[in-house]
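Q: Got a file for you: coords-v4.cif, mmCIF, C-alpha atoms and all ligand atoms.
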```cif
data_entry
loop_
_atom_site.label_atom_id
_atom_site.label_comp_id
_atom_site.auth_asym_id
_atom_site.auth_seq_id
_atom_site.Cartn_x
_atom_site.Cartn_y
_atom_site.Cartn_z
CA MET A 5 -14.29 47.74 125.48
CA ILE A 6 -16.58 44.75 125.01
CA GLU A 7 -20.32 45.43 124.67
CA THR A 8 -22.03 43.94 127.70
CA ASP A 9 -25.60 45.02 126.79
CA ASN A 10 -26.69 41.49 126.01
CA PHE A 11 -24.97 39.87 129.01
CA ARG A 12 -27.22 38.73 131.83
CA CYS A 13 -24.29 38.34 134.17
CA TRP A 14 -20.58 38.88 133.79
CA ALA A 15 -17.37 39.36 135.73
CA GLU A 16 -15.27 42.45 135.06
CA ILE A 17 -11.65 41.79 135.91
CA ASP A 18 -9.21 44.61 136.47
CA LEU A 19 -5.76 43.22 135.71
CA SER A 20 -4.01 46.29 137.12
CA SER A 21 -5.53 45.46 140.53
CA ILE A 22 -4.04 41.97 140.33
CA ARG A 23 -0.65 43.52 139.59
CA HIS A 24 -1.09 45.96 142.48
CA ASN A 25 -1.80 43.05 144.83
CA ALA A 26 1.29 41.19 143.58
CA VAL A 27 3.42 44.26 144.21
CA THR A 28 1.92 44.48 147.71
CA ALA A 29 2.84 40.83 148.33
CA ARG A 30 6.37 41.45 147.13
CA GLU A 31 6.74 44.47 149.39
CA ARG A 32 5.74 42.29 152.34
CA ILE A 33 8.28 39.57 151.60
CA GLY A 34 11.22 41.66 150.40
CA LYS A 35 13.49 41.39 147.39
CA GLU A 36 15.22 38.14 148.41
CA VAL A 37 12.00 36.11 148.39
CA THR A 38 10.35 34.74 145.23
CA LEU A 39 6.64 35.24 144.65
CA LEU A 40 4.95 32.03 143.49
CA ALA A 41 1.64 33.22 142.04
CA VAL A 42 -1.09 30.62 142.54
CA VAL A 43 -3.24 30.55 139.39
CA LYS A 44 -4.97 27.19 139.89
CA ALA A 45 -8.71 26.75 139.30
CA ASN A 46 -8.61 29.06 136.28
CA GLY A 47 -6.88 31.76 138.32
CA TYR A 48 -9.55 31.56 141.03
CA SER A 49 -12.03 32.06 138.12
CA HIS A 50 -10.25 35.22 136.95
CA GLY A 51 -8.81 33.38 133.92
CA LEU A 52 -5.56 31.41 134.29
CA ALA A 53 -3.94 32.62 131.06
CA ARG A 54 -4.85 36.30 131.51
CA VAL A 55 -3.70 36.33 135.15
CA ALA A 56 -0.44 34.51 134.40
CA GLN A 57 0.33 36.91 131.54
CA CYS A 58 -0.37 39.96 133.65
CA LEU A 59 1.88 38.69 136.47
CA ALA A 60 4.80 37.69 134.25
CA ASP A 61 6.99 40.48 135.66
CA GLU A 62 5.98 40.11 139.31
CA ALA A 63 5.97 36.34 139.78
CA GLY A 64 9.07 34.14 139.74
CA ILE A 65 7.12 30.88 139.70
CA PHE A 66 3.50 29.94 138.96
CA GLY A 67 1.53 27.44 141.04
CA VAL A 68 -1.23 25.22 139.66
CA ALA A 69 -3.19 22.24 140.97
CA ASN A 70 -2.53 19.67 138.26
CA LEU A 71 -0.83 18.81 134.97
CA GLU A 72 -3.66 20.11 132.80
CA GLU A 73 -3.44 23.55 134.41
CA ALA A 74 0.36 23.44 134.14
CA ASN A 75 0.04 22.91 130.38
CA THR A 76 -2.39 25.84 130.08
CA CYS A 77 0.02 28.02 132.04
CA ARG A 78 2.99 26.92 129.91
CA GLU A 79 1.26 28.20 126.79
CA VAL A 80 1.48 31.77 128.08
CA VAL A 81 4.53 32.08 130.36
CA PRO A 82 8.09 30.66 130.34
CA HIS A 83 8.44 30.64 134.18
CA PRO A 84 8.97 27.56 136.34
CA ILE A 85 5.59 25.98 137.11
CA LEU A 86 5.00 24.11 140.35
CA ILE A 87 2.16 21.58 140.49
CA LEU A 88 0.83 21.88 144.04
CA GLY A 89 -1.25 18.69 144.08
CA PRO A 90 -0.10 15.05 143.95
CA ALA A 91 0.47 13.66 140.45
CA LEU A 92 -1.35 10.59 139.18
CA PRO A 93 1.05 7.81 138.16
CA ALA A 94 -0.02 8.24 134.51
CA GLU A 95 0.98 11.92 134.60
CA ARG A 96 4.55 11.50 135.85
CA ALA A 97 6.32 10.96 132.54
CA GLU A 98 4.79 14.09 131.00
CA ILE A 99 5.50 16.19 134.11
CA VAL A 100 9.19 15.29 133.91
CA GLU A 101 9.36 15.69 130.15
CA ARG A 102 7.78 19.14 130.26
CA GLY A 103 9.97 20.23 133.15
CA PHE A 104 7.19 21.00 135.66
CA ILE A 105 8.01 20.85 139.37
CA ALA A 106 6.10 17.98 141.02
CA SER A 107 4.99 17.94 144.65
CA VAL A 108 5.76 14.62 146.31
CA SER A 109 4.85 13.13 149.66
CA SER A 110 7.13 10.11 150.00
CA HIS A 111 10.34 8.42 148.97
CA GLU A 112 8.29 5.90 146.90
CA GLU A 113 6.68 8.69 144.93
CA ALA A 114 10.05 10.38 144.39
CA ALA A 115 11.51 7.06 143.23
CA GLU A 116 8.78 6.80 140.58
CA PHE A 117 9.77 10.22 139.28
CA SER A 118 13.40 9.09 139.32
CA ARG A 119 12.41 6.11 137.10
CA HIS A 120 10.86 8.52 134.61
CA SER A 121 13.81 10.89 134.50
CA ARG A 122 15.59 9.30 131.48
CA GLY A 123 18.45 11.72 131.06
CA GLN A 124 16.38 14.68 132.30
CA PHE A 125 16.12 15.76 135.92
CA ALA A 126 12.76 15.43 137.67
CA ALA A 127 12.30 18.63 139.71
CA LEU A 128 10.60 17.89 143.01
CA ASN A 129 8.93 19.95 145.71
CA LEU A 130 9.11 17.80 148.85
CA VAL A 131 6.03 18.44 150.95
CA LEU A 132 6.23 17.97 154.74
CA ASP A 133 3.11 17.30 156.75
CA THR A 134 3.34 19.59 159.77
CA GLY A 135 -0.38 19.61 160.56
CA MET A 136 -2.34 19.82 157.30
CA GLY A 137 -2.84 16.05 157.00
CA ARG A 138 -3.45 16.18 153.25
CA MET A 139 -0.09 15.52 151.59
CA GLY A 140 3.48 15.21 152.66
CA ILE A 141 6.20 13.33 154.45
CA ALA A 142 5.58 12.88 158.18
CA GLU A 143 7.59 15.44 160.08
CA ARG A 144 9.34 12.86 162.29
CA ASN A 145 10.77 11.06 159.22
CA ALA A 146 11.61 14.23 157.33
CA ILE A 147 15.42 14.23 157.52
CA THR A 148 15.91 10.54 156.70
CA GLU A 149 13.34 10.54 153.87
CA ILE A 150 14.62 13.72 152.31
CA SER A 151 18.20 12.44 152.45
CA ALA A 152 17.09 9.22 150.76
CA ILE A 153 15.27 11.18 148.06
CA ALA A 154 18.35 13.36 147.54
CA GLY A 155 20.29 10.17 146.79
CA LEU A 156 17.99 9.12 143.93
CA SER A 157 19.39 9.45 140.44
CA GLY A 158 17.79 11.89 138.02
CA VAL A 159 16.06 13.81 140.80
CA GLU A 160 16.61 17.45 141.65
CA ILE A 161 15.06 18.76 144.85
CA HIS A 162 13.62 22.12 143.89
CA SER A 163 12.24 22.91 147.31
CA VAL A 164 11.03 21.68 150.68
CA SER A 165 7.65 22.99 151.78
CA THR A 166 4.71 22.68 154.09
CA HIS A 167 1.16 24.04 154.19
CA LEU A 168 -0.72 25.88 156.94
CA PRO A 169 -4.20 24.63 157.90
CA SER A 170 -5.04 27.46 160.30
CA ALA A 171 -3.17 30.57 159.15
CA ASP A 172 -6.39 32.61 159.15
CA ASP A 173 -7.89 31.34 162.40
CA ASP A 174 -5.24 30.11 164.84
CA ALA A 175 -2.17 32.31 165.06
CA GLU A 176 -0.74 30.42 168.03
CA PHE A 177 -0.80 27.04 166.30
CA THR A 178 0.48 28.60 163.08
CA ARG A 179 3.45 30.23 164.81
CA GLU A 180 4.35 26.97 166.54
CA GLN A 181 3.95 25.04 163.27
CA LEU A 182 6.14 27.50 161.37
CA GLN A 183 8.81 27.16 164.06
CA ARG A 184 8.75 23.36 163.71
CA PHE A 185 9.08 23.69 159.93
CA ALA A 186 11.97 26.14 160.28
CA GLY A 187 13.64 23.62 162.61
CA VAL A 188 13.41 20.86 160.00
CA VAL A 189 14.79 23.16 157.30
CA GLN A 190 17.67 24.16 159.55
CA ARG A 191 18.55 20.54 160.41
CA LEU A 192 18.33 19.59 156.75
CA ARG A 193 20.70 22.33 155.74
CA ALA A 194 23.09 21.22 158.48
CA VAL A 195 23.30 17.64 157.16
CA ASP A 196 23.21 18.48 153.45
CA ALA A 197 24.86 21.50 151.86
CA ARG A 198 22.53 21.55 148.82
CA PRO A 199 20.67 24.87 148.53
CA TYR A 200 17.17 23.64 149.29
CA ARG A 201 14.63 26.39 148.85
CA ALA A 202 11.93 26.37 151.51
CA HIS A 203 8.34 27.66 151.49
CA ALA A 204 5.31 27.57 153.73
CA LEU A 205 3.18 30.69 153.33
CA PRO A 206 -0.14 31.04 151.48
CA SER A 207 -1.81 34.49 151.43
CA ALA A 208 -2.74 34.50 155.12
CA GLY A 209 0.88 33.68 155.90
CA VAL A 210 2.21 36.48 153.67
CA LEU A 211 -0.07 38.96 155.43
CA GLY A 212 0.29 37.70 158.99
CA PHE A 213 3.56 35.76 159.28
CA SER A 214 5.89 37.24 156.65
CA GLU A 215 8.93 36.72 158.92
CA HIS A 216 8.54 33.01 157.95
CA ALA A 217 8.73 33.63 154.20
CA HIS A 218 11.91 31.52 153.74
CA ASP A 219 12.74 31.59 149.98
CA ILE A 220 9.35 31.46 148.26
CA VAL A 221 5.75 32.35 149.19
CA ARG A 222 2.69 30.84 147.52
CA ALA A 223 0.11 33.64 147.24
CA GLY A 224 -3.32 32.96 145.79
CA LEU A 225 -6.36 34.72 147.22
CA MET A 226 -4.57 37.97 148.05
CA LEU A 227 -3.52 38.40 144.41
CA TYR A 228 -7.19 38.57 143.52
CA GLY A 229 -7.68 41.27 146.13
CA ILE A 230 -9.28 39.54 149.09
CA ALA A 231 -7.39 39.30 152.38
CA PRO A 232 -7.87 36.09 154.36
CA LEU A 233 -7.10 38.19 157.43
CA ALA A 234 -9.69 40.98 157.27
CA ASP A 235 -7.40 43.50 159.03
CA HIS A 236 -5.26 43.57 155.89
CA GLN A 237 -8.10 44.16 153.40
CA SER A 238 -7.27 47.87 152.95
CA VAL A 239 -3.89 47.16 151.30
CA LEU A 240 -5.47 45.02 148.56
CA LYS A 241 -7.64 45.88 145.56
CA PRO A 242 -10.41 43.38 144.69
CA ALA A 243 -9.92 42.62 141.00
CA MET A 244 -13.29 41.12 140.11
CA THR A 245 -16.68 42.83 139.95
CA PHE A 246 -19.49 40.32 139.54
CA LYS A 247 -22.44 41.95 137.77
CA ALA A 248 -25.92 41.05 136.59
CA ARG A 249 -28.53 42.92 134.62
CA ILE A 250 -32.10 43.64 135.63
CA VAL A 251 -34.24 41.56 133.28
CA LEU A 252 -37.65 42.54 134.70
CA VAL A 253 -39.14 45.08 137.12
CA ARG A 254 -42.49 44.27 138.70
CA ASP A 255 -44.83 45.67 141.34
CA LEU A 256 -46.01 43.16 143.90
CA PRO A 257 -48.96 43.84 146.20
CA ALA A 258 -48.90 43.32 149.97
CA GLY A 259 -49.23 39.63 150.72
CA ALA A 260 -47.41 38.46 147.57
CA THR A 261 -44.77 35.79 148.07
CA VAL A 262 -41.43 35.53 146.28
CA SER A 263 -39.53 32.51 144.95
CA TYR A 264 -39.47 28.79 145.71
CA GLY A 265 -40.84 27.74 149.05
CA ARG A 266 -42.58 31.15 149.40
CA THR A 267 -40.10 32.03 152.15
CA PHE A 268 -40.56 35.80 151.61
CA THR A 269 -43.92 37.56 151.91
CA ALA A 270 -44.29 41.25 151.02
CA ARG A 271 -45.68 43.01 154.11
CA SER A 272 -46.43 46.09 152.02
CA PRO A 273 -46.47 46.77 148.24
CA ARG A 274 -42.96 46.16 146.84
CA ARG A 275 -41.20 47.01 143.59
CA VAL A 276 -39.12 43.95 142.76
CA ALA A 277 -36.34 43.66 140.18
CA THR A 278 -35.52 40.24 138.74
CA LEU A 279 -31.80 39.83 137.92
CA GLY A 280 -30.32 37.47 135.33
CA VAL A 281 -28.08 35.53 137.69
CA GLY A 282 -28.60 32.44 139.81
CA TYR A 283 -26.82 29.63 141.55
CA ALA A 284 -25.88 28.07 138.19
CA ASP A 285 -23.71 31.16 137.67
CA GLY A 286 -22.11 30.91 141.10
CA TYR A 287 -24.39 33.17 143.13
CA PRO A 288 -24.76 30.68 145.99
CA ARG A 289 -28.17 29.32 146.83
CA ALA A 290 -26.98 29.42 150.44
CA LEU A 291 -27.49 33.21 150.25
CA SER A 292 -31.27 32.65 150.30
CA ASN A 293 -32.82 34.55 153.23
CA ARG A 294 -29.43 35.40 154.70
CA GLY A 295 -29.55 39.18 154.43
CA ALA A 296 -27.61 39.26 151.15
CA GLU A 297 -27.69 42.51 149.19
CA VAL A 298 -26.75 43.73 145.71
CA LEU A 299 -25.81 47.26 144.62
CA ILE A 300 -28.03 49.12 142.16
CA ARG A 301 -27.23 52.80 141.57
CA GLY A 302 -24.70 52.53 144.39
CA THR A 303 -27.47 51.58 146.85
CA ARG A 304 -27.91 48.29 148.65
CA CYS A 305 -30.99 46.26 147.69
CA ALA A 306 -32.07 43.17 149.62
CA VAL A 307 -32.24 39.76 147.94
CA LEU A 308 -35.79 38.45 148.46
CA GLY A 309 -36.58 34.80 149.09
CA ARG A 310 -34.58 31.97 147.63
CA VAL A 311 -31.85 32.20 144.99
CA THR A 312 -32.99 30.21 141.95
CA MET A 313 -30.89 28.55 139.26
CA ASP A 314 -30.98 31.43 136.75
CA LEU A 315 -32.64 34.38 138.50
CA ILE A 316 -32.73 36.28 141.78
CA MET A 317 -35.24 38.87 142.97
CA VAL A 318 -34.22 42.06 144.78
CA ASP A 319 -36.20 44.82 146.48
CA VAL A 320 -35.91 48.16 144.63
CA THR A 321 -38.89 49.87 146.29
CA HIS A 322 -36.58 52.55 147.76
CA LEU A 323 -35.12 53.50 144.33
CA THR A 324 -36.71 55.59 141.60
CA GLY A 325 -36.40 55.05 137.88
CA VAL A 326 -34.96 51.55 138.04
CA GLY A 327 -35.49 49.79 134.72
CA VAL A 328 -34.81 46.68 132.68
CA GLY A 329 -31.19 46.61 131.51
CA ASP A 330 -29.78 48.42 134.57
CA GLU A 331 -26.63 46.95 136.10
CA ALA A 332 -26.51 45.39 139.53
CA VAL A 333 -23.28 44.55 141.34
CA LEU A 334 -23.32 41.25 143.22
CA PHE A 335 -19.84 41.82 144.61
CA GLY A 336 -17.42 44.60 143.89
CA ARG A 337 -17.71 48.38 143.96
CA GLN A 338 -20.50 50.55 142.63
CA GLY A 339 -20.55 54.26 143.44
CA SER A 340 -19.26 54.78 146.97
CA ASP A 341 -20.31 51.37 148.28
CA GLU A 342 -18.57 48.01 147.95
CA ILE A 343 -19.59 44.41 148.63
CA LEU A 344 -16.59 42.12 149.16
CA ALA A 345 -16.59 38.50 147.99
CA SER A 346 -15.64 37.73 151.60
CA GLU A 347 -18.84 39.45 152.80
CA LEU A 348 -20.96 37.24 150.55
CA ALA A 349 -18.96 34.23 151.68
CA THR A 350 -19.69 34.92 155.34
CA ARG A 351 -23.41 35.30 154.63
CA ALA A 352 -23.38 32.02 152.69
CA SER A 353 -21.40 30.25 155.47
CA THR A 354 -18.51 29.64 153.14
CA ILE A 355 -15.16 31.22 152.22
CA ALA A 356 -14.13 33.72 149.54
CA TRP A 357 -12.08 31.00 147.76
CA GLU A 358 -15.31 29.05 147.14
CA ILE A 359 -17.22 32.15 146.02
CA PHE A 360 -14.55 32.86 143.38
CA THR A 361 -14.08 29.31 142.18
CA GLY A 362 -17.85 28.83 141.99
CA ILE A 363 -18.26 31.57 139.36
CA GLY A 364 -19.71 29.56 136.51
CA ALA A 365 -18.85 28.99 132.87
CA ARG A 366 -21.99 30.92 131.82
CA VAL A 367 -20.55 34.12 133.31
CA HIS A 368 -18.78 36.23 130.65
CA ARG A 369 -15.34 37.54 131.59
CA VAL A 370 -14.55 41.12 130.60
CA TYR A 371 -10.97 42.38 131.11
CA HIS A 372 -9.84 45.92 131.85
C1 LIG A 401 -4.06 26.93 146.86
C2 LIG A 401 -2.79 26.86 147.63
C3 LIG A 401 -2.16 28.04 148.04
C4 LIG A 401 -2.75 29.40 147.87
O1 LIG A 401 -3.51 29.71 149.03
P1 LIG A 401 -4.20 31.13 149.23
O2 LIG A 401 -4.76 31.03 150.59
O3 LIG A 401 -5.24 31.27 148.19
O4 LIG A 401 -3.14 32.16 149.11
C5 LIG A 401 -0.92 27.91 148.66
N1 LIG A 401 -0.36 26.69 148.88
C6 LIG A 401 -0.97 25.56 148.51
C7 LIG A 401 -0.31 24.26 148.80
C8 LIG A 401 -2.21 25.59 147.90
O5 LIG A 401 -2.80 24.45 147.55
#
```
Show me this structure written as structure tokens.

A:
Amino acid sequence: MIETDNFRCWAEIDLSSIRHNAVTARERIGKEVTLLAVVKANGYSHGLARVAQCLADEAGIFGVANLEEANTCREVVPHPILILGPALPAERAEIVERGFIASVSSHEEAAEFSRHSRGQFAALNLVLDTGMGRMGIAERNAITEISAIAGLSGVEIHSVSTHLPSADDDAEFTREQLQRFAGVVQRLRAVDARPYRAHALPSAGVLGFSEHAHDIVRAGLMLYGIAPLADHQSVLKPAMTFKARIVLVRDLPAGATVSYGRTFTARSPRRVATLGVGYADGYPRALSNRGAEVLIRGTRCAVLGRVTMDLIMVDVTHLTGVGVGDEAVLFGRQGSDEILASELATRASTIAWEIFTGIGARVHRVYH
């Protein structure tokens, strides 16, 4: 166990929880469907290499955002690696050479990969735009474009996929979109006997629409223990506990103000703990004066005034014996209470994905 005494803030990551969440995902999708574990953005800040290693037995494929992440992932696991984002032209040769699966959005892009194949096959994930508007072949051209791509030399179609823009907030649209995608896949298979794998579901899809799993699902957030659909939270185990240490405890008289802008005024004498974490560490400044709380001794303590770059102040008047060096939990469990990253996200008007990926480089990672 690493000594954390001299850490001001750190993230404790429980790898067995990540495995539990992967097993939960696999139970949802059944044995016939492959789990693609999304480990982009440094494994949603949990550590790409550590997460990939710990999921080696559960995942069939790993998903990353770009070539650099694919190379990091390749150092630790032998699995197929799918690059979810578009490749830059300068990256194509290396992607083919290293055998990564590239996501492409057009026949032109596929043809460029074909040019780089040189005796090797370029493995392609053909993305269809069914409503995301970010990448992909337009749905109406799907069959003709995919057939043309299939005719290119040196190209192997690994899979055909789409992405869901509203899986966590518009079930009706999502169901209709998934039906359209299934229709394209069915027509494709009717005109071409090749065994195209198909995939559409991110975490919200795995939890809410698992009947549309096709051959592969692309789970990210749920592996880290947060459910995009809150009804499913109880089946997942949050893997990260974000902690900070009390660096000062001070008594403020009635009338004292706290932090930049003096947005908080003590109505009565307050005991205030200063914690060694701020927005530079990924505790969002948007949590200022939004009712955010931290856990100290398993009890909720209100964040006072604005979040600063390196420090936050919390009210510990209701606790006895709080001292410098005590641990505070910013999100995660302490005692019988728990703050979810999704709870902080809601208070900060953002999403759990951004809370995780915002955890800064200054935050030590400690693995259990
Ligand atoms: C990031 C990403 C995912 C993972 O989404 P989660 O909601 O975190 O499960 C899936 N598919 C694509 C295309 C992505 O970019």

Q: Hey, which of A:Val159, A:Ala349, A:Ala171, A:Leu308 ends up closest to ligand LIG 401 (chain A)? Count only C-alpha atoms and all ligand atoms.

A: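 For ligand LIG 401 (chain A), the nearest of the given residues is A:Ala171.
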
Q: How would you write, as a list in words, the set of residues no farther than 8 Å from ligand LIG 401 (chain A) when counting all atoms listed in the file?

A: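 The residues within 8 Å of ligand LIG 401 (chain A), counting all atoms listed in the file, are Val42, Lys44, Gly67, Val68, Ala69, Leu88, Gly89, Thr166, His167, Ala204, Leu205, Pro206, Ser207, Ala208, Arg222, Ala223, Gly224, Leu225, Met226, Leu227, Pro232 and Trp357 of chain A.
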
Q: Which is closer to A:Ala290 than all the others in A:Ala332, A:Met136, A:Leu348, A:Ala26, using all atoms listed in the file?

A: A:Leu348

Q: If we count all atoms listed in the file and set the cut-off at 9 Å, which residues sit around A:Ala270, ignoring sequence neighbours fewer than 4 positions away in its own chain? Please answer as a PyMOL selection string.

A: chain A and resi 256-262+274

Q: Could you make a table, as CSV, of the residues of stretch 204-257 of chain A that have an atom within 10 Å of an atom of stretch 178-194 of chain A, each with its nearest atom pair and distance in Å to one decimal, counting all atoms listed in the file, in chain and number order?

A:
```
residue,atom,partner,partner_atom,distance
A:Ala204,CA,A:Leu182,CA,7.7
A:Leu205,CA,A:Leu182,CA,9.1
A:Gly209,CA,A:Thr178,CA,8.8
A:Gly212,CA,A:Thr178,CA,10.0
A:Phe213,CA,A:Arg179,CA,7.8
A:Glu215,CA,A:Leu182,CA,9.9
A:His216,CA,A:Leu182,CA,6.9
A:Ala217,CA,A:Leu182,CA,9.8
A:His218,CA,A:Ala186,CA,8.5
```

Q: Using all atoms listed in the file, which of the listed residues (A:Gln124, A:His236, A:Ile355, A:Arg249) sits closest to A:Asn10?

A: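 Nearest to A:Asn10: A:Arg249.
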
Q: State, in Å with one decimal place, the distance from atom CA of A:Thr361 to atom CA of A:Ser49.

A: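 Rounded to one decimal, the two atoms are 5.3 Å apart.
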
Q: Point out the residue among A:Asp219, A:His372, A:Ala277, A:Asp172 with the least atom-to-atom distance to A:Asp235, counting only C-alpha atoms.

A: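 For A:Asp235, the nearest of the given residues is A:Asp172.
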
Q: With distances taken over all atoms listed in the file, which residue among A:Ile6, A:Ala248, A:Ile99, A:Ala60 lies nearest A:His83?

A: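 Using all atoms listed in the file, the shortest distance to A:His83 belongs to A:Ala60.
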
Q: Report, in Å with one decimal, the straight-line distance from atom CA of A:Phe117 to atom CA of A:Gly155.

A: 12.9 Å

Q: Write out as JSON, numbers by chain which residues come within 12 Å of A:Asp314 when counting only C-alpha atoms, dropping same-chain ones fewer than 3 positions away.

A: {"A": [12, 13, 248, 249, 251, 263, 278, 279, 280, 281, 282, 283, 284, 285, 286, 287, 288, 289, 310, 311, 317, 364, 366, 367]}
